[in-house]
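A.B. asks: Just so it is clear, I am handing over data04.cif, which has mmCIF, N, CA and C atoms and all ligand atoms.
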data_structure
loop_
_atom_site.label_atom_id
_atom_site.label_comp_id
_atom_site.auth_asym_id
_atom_site.auth_seq_id
_atom_site.Cartn_x
_atom_site.Cartn_y
_atom_site.Cartn_z
N MET H 288 20.64 -9.35 7.85
CA MET H 288 19.49 -8.93 7.03
C MET H 288 18.40 -9.99 7.00
N SER H 289 18.76 -11.26 7.30
CA SER H 289 17.80 -12.34 7.15
C SER H 289 16.64 -12.22 8.14
N ASP H 290 16.86 -11.54 9.27
CA ASP H 290 15.77 -11.42 10.24
C ASP H 290 14.97 -10.12 10.04
N PHE H 291 15.23 -9.46 8.92
CA PHE H 291 14.52 -8.21 8.64
C PHE H 291 13.03 -8.46 8.43
N GLU H 292 12.21 -7.74 9.16
CA GLU H 292 10.76 -7.80 8.97
C GLU H 292 10.28 -6.40 8.61
N PRO H 293 9.75 -6.25 7.41
CA PRO H 293 9.35 -4.91 6.97
C PRO H 293 8.11 -4.39 7.68
N ARG H 294 8.07 -3.09 7.75
CA ARG H 294 6.85 -2.43 8.23
C ARG H 294 6.14 -1.88 7.00
N ILE H 295 4.91 -2.24 6.86
CA ILE H 295 4.15 -1.87 5.66
C ILE H 295 2.86 -1.17 6.04
N ILE H 296 2.61 -0.06 5.36
CA ILE H 296 1.37 0.67 5.59
C ILE H 296 0.49 0.50 4.35
N ALA H 297 -0.75 0.08 4.57
CA ALA H 297 -1.70 -0.13 3.47
C ALA H 297 -2.86 0.85 3.64
N PHE H 298 -2.97 1.78 2.71
CA PHE H 298 -4.09 2.72 2.74
C PHE H 298 -5.24 2.08 1.98
N CYS H 299 -6.28 1.71 2.70
CA CYS H 299 -7.36 0.92 2.12
C CYS H 299 -8.68 1.67 2.07
N CYS H 300 -9.26 1.66 0.90
CA CYS H 300 -10.59 2.27 0.70
C CYS H 300 -11.62 1.49 1.52
N GLN H 301 -12.50 2.22 2.18
CA GLN H 301 -13.47 1.55 3.06
C GLN H 301 -14.45 0.66 2.30
N TYR H 302 -14.71 0.98 1.04
CA TYR H 302 -15.74 0.24 0.30
C TYR H 302 -15.26 -1.08 -0.29
N CYS H 303 -13.96 -1.19 -0.48
CA CYS H 303 -13.48 -2.43 -1.13
C CYS H 303 -12.37 -3.08 -0.32
N ALA H 304 -11.17 -2.51 -0.35
CA ALA H 304 -10.03 -3.18 0.27
C ALA H 304 -10.25 -3.40 1.76
N TYR H 305 -10.80 -2.41 2.43
CA TYR H 305 -11.01 -2.55 3.87
C TYR H 305 -12.05 -3.64 4.14
N SER H 306 -13.09 -3.64 3.31
CA SER H 306 -14.12 -4.68 3.45
C SER H 306 -13.56 -6.04 3.11
N ALA H 307 -12.68 -6.08 2.11
CA ALA H 307 -12.04 -7.36 1.74
C ALA H 307 -11.17 -7.86 2.89
N ALA H 308 -10.48 -6.93 3.56
CA ALA H 308 -9.65 -7.32 4.71
C ALA H 308 -10.55 -7.89 5.82
N ASP H 309 -11.70 -7.26 5.99
CA ASP H 309 -12.69 -7.73 6.96
C ASP H 309 -13.16 -9.13 6.61
N MET H 310 -13.44 -9.31 5.33
CA MET H 310 -13.91 -10.62 4.87
C MET H 310 -12.83 -11.68 5.10
N ALA H 311 -11.59 -11.29 4.83
CA ALA H 311 -10.48 -12.24 5.06
C ALA H 311 -10.48 -12.66 6.52
N GLY H 312 -10.73 -11.69 7.39
CA GLY H 312 -10.79 -12.00 8.82
C GLY H 312 -11.92 -12.96 9.14
N SER H 313 -13.09 -12.69 8.54
CA SER H 313 -14.25 -13.56 8.77
C SER H 313 -13.99 -14.97 8.27
N MET H 314 -13.20 -15.06 7.20
CA MET H 314 -12.89 -16.38 6.63
C MET H 314 -11.70 -17.03 7.34
N ARG H 315 -11.23 -16.34 8.35
CA ARG H 315 -10.06 -16.81 9.13
C ARG H 315 -8.81 -16.97 8.27
N LEU H 316 -8.72 -16.11 7.25
CA LEU H 316 -7.50 -16.08 6.44
C LEU H 316 -6.54 -15.13 7.12
N GLN H 317 -5.29 -15.47 7.10
CA GLN H 317 -4.33 -14.61 7.79
C GLN H 317 -3.45 -13.90 6.78
N TYR H 318 -3.14 -12.65 7.08
CA TYR H 318 -2.15 -11.93 6.28
C TYR H 318 -1.05 -11.47 7.23
N PRO H 319 0.11 -11.13 6.70
CA PRO H 319 1.25 -10.84 7.57
C PRO H 319 0.97 -9.69 8.54
N PRO H 320 1.41 -9.85 9.77
CA PRO H 320 1.22 -8.78 10.76
C PRO H 320 2.05 -7.54 10.43
N ASN H 321 2.91 -7.66 9.43
CA ASN H 321 3.72 -6.51 8.98
C ASN H 321 2.84 -5.41 8.39
N VAL H 322 1.67 -5.82 7.90
CA VAL H 322 0.80 -4.87 7.19
C VAL H 322 -0.12 -4.14 8.17
N GLU H 323 0.04 -2.83 8.22
CA GLU H 323 -0.82 -2.00 9.06
C GLU H 323 -1.84 -1.31 8.15
N VAL H 324 -3.09 -1.66 8.33
CA VAL H 324 -4.15 -1.12 7.47
C VAL H 324 -4.62 0.24 7.99
N VAL H 325 -4.66 1.19 7.08
CA VAL H 325 -5.17 2.52 7.41
C VAL H 325 -6.42 2.74 6.55
N LEU H 326 -7.53 2.96 7.21
CA LEU H 326 -8.81 3.16 6.51
C LEU H 326 -8.89 4.56 5.92
N ILE H 327 -9.20 4.63 4.64
CA ILE H 327 -9.49 5.93 4.02
C ILE H 327 -10.84 5.79 3.30
N PRO H 328 -11.58 6.89 3.18
CA PRO H 328 -12.94 6.77 2.62
C PRO H 328 -12.95 6.33 1.15
N CYS H 329 -11.91 6.68 0.43
CA CYS H 329 -11.79 6.35 -1.00
C CYS H 329 -10.33 6.58 -1.33
N THR H 330 -9.78 5.84 -2.27
CA THR H 330 -8.37 6.09 -2.59
C THR H 330 -8.18 7.48 -3.21
N GLY H 331 -9.28 8.07 -3.69
CA GLY H 331 -9.20 9.43 -4.20
C GLY H 331 -8.76 10.40 -3.11
N ARG H 332 -8.93 9.98 -1.87
CA ARG H 332 -8.52 10.80 -0.73
C ARG H 332 -7.02 10.64 -0.45
N PHE H 333 -6.40 9.64 -1.09
CA PHE H 333 -4.97 9.40 -0.87
C PHE H 333 -4.16 10.61 -1.35
N ASP H 334 -3.31 11.06 -0.47
CA ASP H 334 -2.44 12.21 -0.76
C ASP H 334 -1.01 11.69 -0.77
N MET H 335 -0.21 12.18 -1.67
CA MET H 335 1.19 11.72 -1.74
C MET H 335 1.92 11.93 -0.41
N LEU H 336 1.50 12.97 0.31
CA LEU H 336 2.13 13.22 1.61
C LEU H 336 1.89 12.07 2.58
N PHE H 337 0.76 11.37 2.43
CA PHE H 337 0.50 10.22 3.32
C PHE H 337 1.63 9.20 3.18
N ALA H 338 2.00 8.94 1.95
CA ALA H 338 3.06 7.94 1.71
C ALA H 338 4.40 8.46 2.21
N LEU H 339 4.69 9.72 1.92
CA LEU H 339 5.98 10.27 2.35
C LEU H 339 6.07 10.28 3.88
N LYS H 340 4.97 10.62 4.52
CA LYS H 340 4.95 10.61 6.00
C LYS H 340 5.14 9.19 6.53
N ALA H 341 4.53 8.24 5.83
CA ALA H 341 4.67 6.84 6.26
C ALA H 341 6.14 6.41 6.15
N PHE H 342 6.78 6.76 5.04
CA PHE H 342 8.20 6.41 4.89
C PHE H 342 9.03 7.12 5.96
N GLU H 343 8.71 8.38 6.15
CA GLU H 343 9.44 9.16 7.17
C GLU H 343 9.26 8.53 8.56
N GLY H 344 8.07 7.96 8.77
CA GLY H 344 7.76 7.36 10.06
C GLY H 344 8.30 5.94 10.23
N GLY H 345 9.00 5.44 9.21
CA GLY H 345 9.64 4.13 9.37
C GLY H 345 9.07 3.01 8.53
N ALA H 346 8.12 3.34 7.64
CA ALA H 346 7.59 2.28 6.77
C ALA H 346 8.65 1.88 5.74
N ASP H 347 8.67 0.60 5.43
CA ASP H 347 9.58 0.11 4.39
C ASP H 347 8.86 0.00 3.05
N GLY H 348 7.56 -0.06 3.11
CA GLY H 348 6.76 -0.13 1.90
C GLY H 348 5.36 0.41 2.18
N VAL H 349 4.75 0.94 1.12
CA VAL H 349 3.41 1.52 1.26
C VAL H 349 2.58 1.07 0.07
N TYR H 350 1.36 0.65 0.32
CA TYR H 350 0.48 0.44 -0.82
C TYR H 350 -0.89 1.04 -0.59
N VAL H 351 -1.51 1.32 -1.72
CA VAL H 351 -2.84 1.91 -1.73
C VAL H 351 -3.73 0.85 -2.35
N ALA H 352 -4.83 0.53 -1.70
CA ALA H 352 -5.72 -0.50 -2.23
C ALA H 352 -7.12 0.09 -2.41
N GLY H 353 -7.57 0.09 -3.65
CA GLY H 353 -8.85 0.70 -3.96
C GLY H 353 -9.77 -0.22 -4.72
N CYS H 354 -10.94 0.29 -5.00
CA CYS H 354 -11.95 -0.47 -5.74
C CYS H 354 -11.42 -0.83 -7.13
N LEU H 355 -12.04 -1.82 -7.73
CA LEU H 355 -11.69 -2.19 -9.10
C LEU H 355 -11.94 -0.99 -10.01
N GLU H 356 -11.15 -0.89 -11.05
CA GLU H 356 -11.32 0.24 -11.97
C GLU H 356 -12.74 0.24 -12.52
N GLY H 357 -13.36 1.41 -12.50
CA GLY H 357 -14.73 1.54 -12.98
C GLY H 357 -15.77 1.33 -11.89
N THR H 358 -15.33 0.98 -10.67
CA THR H 358 -16.33 0.73 -9.61
C THR H 358 -16.13 1.62 -8.38
N CYS H 359 -15.31 2.64 -8.50
CA CYS H 359 -15.11 3.56 -7.37
C CYS H 359 -16.44 4.23 -7.02
N HIS H 360 -16.76 4.27 -5.73
CA HIS H 360 -18.02 4.87 -5.30
C HIS H 360 -18.03 6.38 -5.50
N PHE H 361 -16.87 6.94 -5.75
CA PHE H 361 -16.78 8.38 -6.03
C PHE H 361 -16.31 8.59 -7.46
N LEU H 362 -16.68 7.67 -8.31
CA LEU H 362 -16.47 7.68 -9.76
C LEU H 362 -15.02 7.49 -10.20
N ASP H 363 -14.18 8.51 -9.92
CA ASP H 363 -12.82 8.40 -10.46
C ASP H 363 -11.74 8.50 -9.40
N GLY H 364 -12.12 8.26 -8.15
CA GLY H 364 -11.14 8.36 -7.06
C GLY H 364 -9.95 7.43 -7.26
N ASN H 365 -10.24 6.20 -7.70
CA ASN H 365 -9.11 5.26 -7.84
C ASN H 365 -8.23 5.61 -9.05
N PHE H 366 -8.80 6.28 -10.05
CA PHE H 366 -7.96 6.71 -11.17
C PHE H 366 -7.04 7.85 -10.73
N ARG H 367 -7.61 8.73 -9.92
CA ARG H 367 -6.78 9.84 -9.41
C ARG H 367 -5.67 9.30 -8.51
N ALA H 368 -6.02 8.31 -7.69
CA ALA H 368 -5.02 7.70 -6.81
C ALA H 368 -3.92 7.04 -7.65
N LYS H 369 -4.33 6.36 -8.70
CA LYS H 369 -3.36 5.68 -9.56
C LYS H 369 -2.37 6.69 -10.15
N GLN H 370 -2.89 7.83 -10.58
CA GLN H 370 -2.01 8.87 -11.12
C GLN H 370 -1.02 9.35 -10.07
N ARG H 371 -1.52 9.55 -8.85
CA ARG H 371 -0.64 10.03 -7.77
C ARG H 371 0.42 8.99 -7.43
N VAL H 372 -0.02 7.74 -7.35
CA VAL H 372 0.93 6.66 -7.03
C VAL H 372 2.00 6.58 -8.13
N ASN H 373 1.56 6.62 -9.38
CA ASN H 373 2.53 6.53 -10.48
C ASN H 373 3.50 7.71 -10.48
N TYR H 374 2.96 8.88 -10.19
CA TYR H 374 3.82 10.07 -10.13
C TYR H 374 4.86 9.92 -9.01
N LEU H 375 4.39 9.51 -7.86
CA LEU H 375 5.30 9.40 -6.71
C LEU H 375 6.31 8.27 -6.91
N ARG H 376 5.90 7.21 -7.59
CA ARG H 376 6.85 6.12 -7.89
C ARG H 376 8.04 6.67 -8.70
N LYS H 377 7.73 7.53 -9.67
CA LYS H 377 8.81 8.12 -10.48
C LYS H 377 9.69 9.01 -9.63
N GLU H 378 9.06 9.77 -8.74
CA GLU H 378 9.84 10.66 -7.86
C GLU H 378 10.74 9.84 -6.94
N LEU H 379 10.23 8.73 -6.43
CA LEU H 379 11.06 7.87 -5.57
C LEU H 379 12.27 7.38 -6.35
N ALA H 380 12.03 6.99 -7.59
CA ALA H 380 13.13 6.48 -8.42
C ALA H 380 14.20 7.55 -8.59
N THR H 381 13.78 8.81 -8.77
CA THR H 381 14.79 9.88 -8.94
C THR H 381 15.59 10.10 -7.65
N LEU H 382 15.01 9.70 -6.53
CA LEU H 382 15.72 9.82 -5.24
C LEU H 382 16.58 8.58 -4.97
N GLY H 383 16.54 7.62 -5.89
CA GLY H 383 17.32 6.40 -5.69
C GLY H 383 16.61 5.38 -4.81
N VAL H 384 15.30 5.56 -4.65
CA VAL H 384 14.51 4.62 -3.84
C VAL H 384 13.74 3.72 -4.82
N GLU H 385 13.72 2.42 -4.54
CA GLU H 385 13.02 1.49 -5.43
C GLU H 385 11.55 1.89 -5.53
N GLU H 386 11.08 2.08 -6.78
CA GLU H 386 9.70 2.55 -6.96
C GLU H 386 8.68 1.52 -6.50
N ASP H 387 9.09 0.25 -6.47
CA ASP H 387 8.15 -0.79 -6.03
C ASP H 387 7.88 -0.75 -4.53
N ARG H 388 8.53 0.16 -3.84
CA ARG H 388 8.18 0.32 -2.42
C ARG H 388 6.81 0.98 -2.27
N LEU H 389 6.31 1.47 -3.39
CA LEU H 389 4.97 2.07 -3.42
C LEU H 389 4.19 1.43 -4.56
N ARG H 390 3.03 0.90 -4.24
CA ARG H 390 2.21 0.25 -5.27
C ARG H 390 0.76 0.56 -5.06
N MET H 391 0.00 0.27 -6.11
CA MET H 391 -1.46 0.36 -5.97
C MET H 391 -2.08 -0.97 -6.38
N TYR H 392 -3.05 -1.40 -5.62
CA TYR H 392 -3.79 -2.61 -5.94
C TYR H 392 -5.28 -2.26 -6.06
N ASN H 393 -5.97 -3.05 -6.84
CA ASN H 393 -7.42 -2.88 -6.97
C ASN H 393 -8.11 -4.21 -6.68
N LEU H 394 -9.19 -4.13 -5.96
CA LEU H 394 -9.95 -5.35 -5.65
C LEU H 394 -11.36 -4.97 -5.22
N SER H 395 -12.22 -5.98 -5.15
CA SER H 395 -13.60 -5.71 -4.73
C SER H 395 -13.76 -6.16 -3.27
N ALA H 396 -14.87 -5.72 -2.69
CA ALA H 396 -15.14 -6.04 -1.28
C ALA H 396 -15.27 -7.54 -1.04
N SER H 397 -15.60 -8.28 -2.09
CA SER H 397 -15.82 -9.72 -1.92
C SER H 397 -14.53 -10.53 -2.11
N GLN H 398 -13.42 -9.84 -2.32
CA GLN H 398 -12.17 -10.55 -2.60
C GLN H 398 -11.25 -10.64 -1.38
N GLY H 399 -11.78 -11.22 -0.33
CA GLY H 399 -10.95 -11.40 0.88
C GLY H 399 -9.66 -12.16 0.59
N PRO H 400 -9.74 -13.31 -0.11
CA PRO H 400 -8.51 -14.04 -0.40
C PRO H 400 -7.52 -13.23 -1.25
N ARG H 401 -8.05 -12.40 -2.14
CA ARG H 401 -7.19 -11.56 -2.98
C ARG H 401 -6.45 -10.53 -2.10
N PHE H 402 -7.16 -10.01 -1.11
CA PHE H 402 -6.53 -9.06 -0.19
C PHE H 402 -5.32 -9.72 0.47
N VAL H 403 -5.51 -10.96 0.89
CA VAL H 403 -4.42 -11.70 1.55
C VAL H 403 -3.27 -11.93 0.56
N GLU H 404 -3.63 -12.27 -0.67
CA GLU H 404 -2.59 -12.47 -1.71
C GLU H 404 -1.75 -11.22 -1.88
N PHE H 405 -2.42 -10.07 -2.02
CA PHE H 405 -1.69 -8.81 -2.20
C PHE H 405 -0.80 -8.52 -0.99
N ALA H 406 -1.34 -8.72 0.20
CA ALA H 406 -0.57 -8.44 1.43
C ALA H 406 0.67 -9.34 1.49
N ASN H 407 0.50 -10.61 1.13
CA ASN H 407 1.64 -11.53 1.13
C ASN H 407 2.66 -11.17 0.07
N GLU H 408 2.14 -10.90 -1.13
CA GLU H 408 3.03 -10.56 -2.26
C GLU H 408 3.87 -9.32 -1.94
N PHE H 409 3.20 -8.30 -1.43
CA PHE H 409 3.91 -7.04 -1.17
C PHE H 409 4.90 -7.21 -0.01
N THR H 410 4.49 -7.93 1.00
CA THR H 410 5.40 -8.16 2.15
C THR H 410 6.64 -8.93 1.70
N ASP H 411 6.45 -9.95 0.87
CA ASP H 411 7.60 -10.72 0.37
C ASP H 411 8.52 -9.83 -0.45
N LEU H 412 7.91 -9.01 -1.29
CA LEU H 412 8.70 -8.11 -2.15
C LEU H 412 9.56 -7.17 -1.31
N ILE H 413 8.95 -6.56 -0.31
CA ILE H 413 9.68 -5.59 0.52
C ILE H 413 10.70 -6.30 1.41
N ARG H 414 10.35 -7.48 1.84
CA ARG H 414 11.31 -8.26 2.64
C ARG H 414 12.58 -8.53 1.82
N GLU H 415 12.38 -8.85 0.54
CA GLU H 415 13.53 -9.08 -0.36
C GLU H 415 14.34 -7.82 -0.56
N MET H 416 13.68 -6.68 -0.66
CA MET H 416 14.38 -5.41 -0.90
C MET H 416 15.21 -4.97 0.30
N GLY H 417 14.72 -5.30 1.48
CA GLY H 417 15.42 -4.86 2.68
C GLY H 417 14.85 -3.55 3.19
N PRO H 418 15.48 -3.00 4.23
CA PRO H 418 14.95 -1.78 4.85
C PRO H 418 14.90 -0.60 3.87
N SER H 419 13.94 0.25 4.10
CA SER H 419 13.79 1.45 3.28
C SER H 419 15.04 2.31 3.35
N PRO H 420 15.50 2.83 2.21
CA PRO H 420 16.65 3.75 2.24
C PRO H 420 16.37 4.99 3.11
N PHE H 421 15.12 5.39 3.21
CA PHE H 421 14.80 6.54 4.07
C PHE H 421 15.17 6.21 5.51
N LYS H 422 14.85 4.99 5.90
CA LYS H 422 15.13 4.54 7.26
C LYS H 422 16.64 4.45 7.48
N VAL H 423 17.33 3.86 6.51
CA VAL H 423 18.78 3.68 6.63
C VAL H 423 19.46 5.04 6.72
N LYS H 424 18.99 6.01 5.87
CA LYS H 424 19.60 7.34 5.89
C LYS H 424 19.36 8.03 7.23
N SER H 425 18.12 7.92 7.76
CA SER H 425 17.83 8.63 9.00
C SER H 425 18.58 8.01 10.18
N GLN H 426 18.87 6.69 10.10
CA GLN H 426 19.64 6.04 11.18
C GLN H 426 21.10 6.45 11.12
N ALA H 427 21.58 6.71 9.87
CA ALA H 427 23.00 7.08 9.69
C ALA H 427 23.25 8.50 10.16
N ALA H 428 22.20 9.36 10.07
CA ALA H 428 22.37 10.78 10.40
C ALA H 428 22.54 11.00 11.89
FE1 LIG F 1 -13.07 2.69 -3.34
FE2 LIG F 1 -13.10 5.13 -4.45
S1 LIG F 1 -14.61 4.28 -3.21
S2 LIG F 1 -11.54 3.62 -4.50
#
Using structure tokens, write down the structure that the file contains.
C.D. replies:
Amino acid sequence: MSDFEPRIIAFCCQYCAYSAADMAGSMRLQYPPNVEVVLIPCTGRFDMLFALKAFEGGADGVYVAGCLEGTCHFLDGNFRAKQRVNYLRKELATLGVEEDRLRMYNLSASQGPRFVEFANEFTDLIREMGPSPFKVKSQAA
């Protein structure tokens, strides 16, 4: 288990998290290569199926990164995303899957270092948890 490297999918809003990731790149800050960034126009566009498909496709952890609360360019997209993430976290728990395999983060476009912090924090967390139970179950079948 010690050589386990998680696969993480990050659904990032183009106005904040994606721009912050860009800024991190410009600042030559590095985040773990485990994190695969998926651009979405706003976290309000995040659908629970995106996360389920990601898990089904082999992700060990998924996070949604949106604008700071109150600054969504589509007004309440990040609040709607937060509700969906919280709902799905509870559903994961009922399936016996650690709810922390799904999280939501908020940041602004100017927070490149914060983006890196979140990516590191989440990668460490999932690395500690080990492979996704979805993955383990599908390998056993
Ligand atoms: Fe960034 Fe809505 S535009 S979360």
A.B. asks: Counting only N, CA and C atoms, what is within 6.5 Å of Pro293 of chain H, bar same-chain residues fewer than 2 positions away, as a PDB file with N, CA and C atoms, in the frame of the given file?
C.D. replies:
ATOM      1  N   PHE H 291      15.230  -9.460   8.920  1.00  0.00           N
ATOM      2  CA  PHE H 291      14.520  -8.210   8.640  1.00  0.00           C
ATOM      3  C   PHE H 291      13.030  -8.460   8.430  1.00  0.00           C
ATOM      4  N   ILE H 295       4.910  -2.240   6.860  1.00  0.00           N
ATOM      5  CA  ILE H 295       4.150  -1.870   5.660  1.00  0.00           C
ATOM      6  C   ILE H 295       2.860  -1.170   6.040  1.00  0.00           C
ATOM      7  N   ASN H 321       2.910  -7.660   9.430  1.00  0.00           N
ATOM      8  CA  ASN H 321       3.720  -6.510   8.980  1.00  0.00           C
ATOM      9  C   ASN H 321       2.840  -5.410   8.390  1.00  0.00           C
ATOM     10  N   ASP H 347       8.670   0.600   5.430  1.00  0.00           N
ATOM     11  CA  ASP H 347       9.580   0.110   4.390  1.00  0.00           C
ATOM     12  C   ASP H 347       8.860   0.000   3.050  1.00  0.00           C
ATOM     13  N   GLY H 348       7.560  -0.060   3.110  1.00  0.00           N
ATOM     14  CA  GLY H 348       6.760  -0.130   1.900  1.00  0.00           C
ATOM     15  C   GLY H 348       5.360   0.410   2.180  1.00  0.00           C
ATOM     16  N   ILE H 413       8.950  -6.560  -0.310  1.00  0.00           N
ATOM     17  CA  ILE H 413       9.680  -5.590   0.520  1.00  0.00           C
ATOM     18  C   ILE H 413      10.700  -6.300   1.410  1.00  0.00           C
ATOM     19  N   ARG H 414      10.350  -7.480   1.840  1.00  0.00           N
ATOM     20  CA  ARG H 414      11.310  -8.260   2.640  1.00  0.00           C
ATOM     21  C   ARG H 414      12.580  -8.530   1.820  1.00  0.00           C
TER      22      ARG H 414
END
A.B. asks: Could you pull out every residue with an atom within 12 Å of (4.8, -7.0, -4.7), file coordinates, counting only C-alpha atoms, and send them as a PyMOL selection string?
C.D. replies: chain H and resi 295+348-350+385-392+404-416
A.B. asks: Assuming 8 Å of padding per side, give the centre and edge lengths of the axis-aligned box around every listed atom of ligand LIG 1 (chain F), in Å to one decimal and as AutoDock Vina command-line options.
C.D. replies:
--center_x -13.1 --center_y 3.9 --center_z -3.9 --size_x 19.1 --size_y 18.4 --size_z 17.3
A.B. asks: Which residues form the shell of 7 Å around ligand LIG 1 (chain F) when you count all atoms listed in the file, given as a PyMOL selection string?
C.D. replies: chain H and resi 300-304+328-332+352-355+358-366
A.B. asks: Pick from H:Arg371, H:Arg294, H:Arg401, H:Lys377: nearest to Ser306 of chain H, with only C-alpha atoms counted?
C.D. replies: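 Going through H:Arg371, H:Arg294, H:Arg401, H:Lys377 one by one, the smallest distance to Ser306 of chain H is for H:Arg401.
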A.B. asks: Run DSSP on the backbone of this structure and report the residues of segment 333-399 of chain H it assigns to strand (DSSP E or B), as number ranges by chain.
C.D. replies: H: 348-353, 389-393
A.B. asks: Just to confirm, what's the straight-line distance from atom CA of Val384 of chain H to atom CA of Tyr305 of chain H in Å (one decimal)?
C.D. replies: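 Computing it gives 27.6 Å between the two atoms.
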A.B. asks: I'd like to know which of H:Val351, H:Ala308, H:Phe342, H:Val325 is closest to Asn393 of chain H, using only N, CA and C atoms.
C.D. replies: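 Ranking H:Val351, H:Ala308, H:Phe342, H:Val325 by distance to Asn393 of chain H, first place goes to H:Val351.
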A.B. asks: Find, counting only C-alpha atoms, the residue in H:Gln370, H:Ala297, H:Leu375, H:Met314 that gets nearest to Gln398 of chain H.
C.D. replies: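 The answer is H:Met314, which sits nearest to Gln398 of chain H.
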A.B. asks: Using Å and a single decimal, report how far atom C of Leu316 of chain H sits from atom CA of Lys422 of chain H.
C.D. replies: 29.3 Å
A.B. asks: In Å, how far is it from atom CA of Gly417 of chain H to atom C of Ala346 of chain H?
C.D. replies: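 Computing the Euclidean distance for atom CA of Gly417 of chain H and atom C of Ala346 of chain H yields 10.0 Å.
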A.B. asks: Using only C-alpha atoms, which residue out of H:Phe402, H:Tyr374, H:Phe421, H:Phe337 lies closest to Asp309 of chain H?
C.D. replies: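 Looking only at the distances to Asp309 of chain H, the closest residue turns out to be H:Phe402.
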A.B. asks: Among segment 288-395 of chain H, which residues carry a DSSP assignment of helix (DSSP H, G or I), reported as a ChimeraX atom specification?
C.D. replies: /H:304-313,330-332,335-343,364-381,386-388
